[in-house]
Amino acid sequence: MRWPVRVLVLLSSALLLGACTNMVRSEAPWFGPADAEGAPALRDGVWAAVHPDCRFDADRPLEQWPTCADARVIRDGEDLDLSYSGGEDEHGRRRRSGYGWSSEAFVLAAGAPRIHQRACGAPRGGQAEEGPAEEPAPAAAAVEAWDEAVSRLVYCYAGLRADGLDAEGRIIAFTTWPIWCGPFPQRTEGEGGPNVTDAPFPGLAVVGEHCVADDVEALRAAATASETLSASGEPTNPFGPARFRWVREGWR
């Protein structure tokens, strides 16, 4: 299984990225636009995943690219994703009856490694029903409190290293990976249990099936450790690093 960056995203995919477990999240963003200043930015334009088994004509419009290309557009701190209704033909190309754009803002924080931050979900909950509320049983109250704590973790993170710059110093190729909470738990086949580490990296605390960092230093250290973990080929790790390349100017 390959990691799609929703850079993020990048990371995207969301990286890469909202429903996956064992990843660092936060209730409030660790970074703002000022944290990206002084470091190379992603070049605006059309981007594609680097995949040896994915062959396509990059000169064609994005709606004619196969799904494996993971086509997206970067535009001034936004990741634009072209989504389709329909399926695929026998060659893996999208057979579409319609399409639309979605936009996702991100911050690519300076430092080593770079950290890609994006909003990856919204808190659950809604307007309460009218009428008196029943007092929940202790066990149900504990589950509800745990669920609410997890629901507030709405920012996701990925590490990123630039693999190439253009003449103006903009990133035109990069490798990215999820920032994990720690190694995935070792389980025998058929064994249940939470899909989150039982050995979190230093400075991380497990919350539900995700984790939170004590500070930016702990987050960056986890990014470095996660790069090693993602490249290790560890069988319990479902994602490896992903590579992306800039293709051309424009949005299609």
# chains A, B, ... in the order shown; residues from 1 in each chain; ligands from 1

call {"tool": "residues_around", "arguments": {"residues": "Gly38 (chain A)", "least_positions_apart": "4", "cutoff": "12 Å", "atoms": "only C-alpha atoms", "output": "VMD selection string"}}
result
chain A and resid 33 to 34 108 to 111 169 to 170

call {"tool": "residues_around", "arguments": {"residues": "Arg245 (chain A)", "least_positions_apart": "2", "cutoff": "8 Å", "atoms": "only C-alpha atoms", "output": "list of chain:residue names"}}
result
A:Trp47, A:Ala48, A:Ala49, A:Val50, A:Ile172, A:Ala173, A:Phe174, A:Arg243, A:Val247

call {"tool": "write_last_selection", "arguments": {"atoms": "C-alpha atoms", "output": "PDB file, in the first residue's frame"}}
result
ATOM      1  CA  TRP A  47       2.261  17.731  -9.692  1.00  0.00           C
ATOM      2  CA  ALA A  48       2.281  13.947 -10.020  1.00  0.00           C
ATOM      3  CA  ALA A  49       3.408  10.976  -7.965  1.00  0.00           C
ATOM      4  CA  VAL A  50       6.614   9.202  -8.989  1.00  0.00           C
ATOM      5  CA  ILE A 172      10.197  20.689  -7.963  1.00  0.00           C
ATOM      6  CA  ALA A 173      10.634  17.203  -6.475  1.00  0.00           C
ATOM      7  CA  PHE A 174      10.216  15.875  -2.957  1.00  0.00           C
ATOM      8  CA  ARG A 243       7.856  10.801  -4.085  1.00  0.00           C
ATOM      9  CA  VAL A 247       5.131  18.574 -14.117  1.00  0.00           C
TER      10      VAL A 247
END

call {"tool": "atom_distance", "arguments": {"atom1": "CA of Phe201 (chain A)", "atom2": "CA of Ser232 (chain A)"}}
result
16.0 Å

call {"tool": "residues_around", "arguments": {"residues": "Arg114 (chain A)", "least_positions_apart": "2", "cutoff": "10 Å", "atoms": "only C-alpha atoms", "output": "JSON, numbers by chain"}}
result
{"A": [36, 39, 40, 107, 108, 109, 110, 111, 112, 116, 117, 158, 159, 160, 161, 162, 176, 220, 223, 224]}

call {"tool": "atom_distance", "arguments": {"atom1": "CA of Phe31 (chain A)", "atom2": "CA of Arg248 (chain A)"}}
result
28.4 Å

call {"tool": "residues_around", "arguments": {"residues": "region 74-79 of chain A", "least_positions_apart": "2", "cutoff": "7 Å", "atoms": "only C-alpha atoms", "output": "ChimeraX atom specification"}}
result
/A:7,44-46,72,81,103-107

call {"tool": "atom_distance", "arguments": {"atom1": "CA of Ser230 (chain A)", "atom2": "CA of Trp30 (chain A)"}}
result
22.7 Å
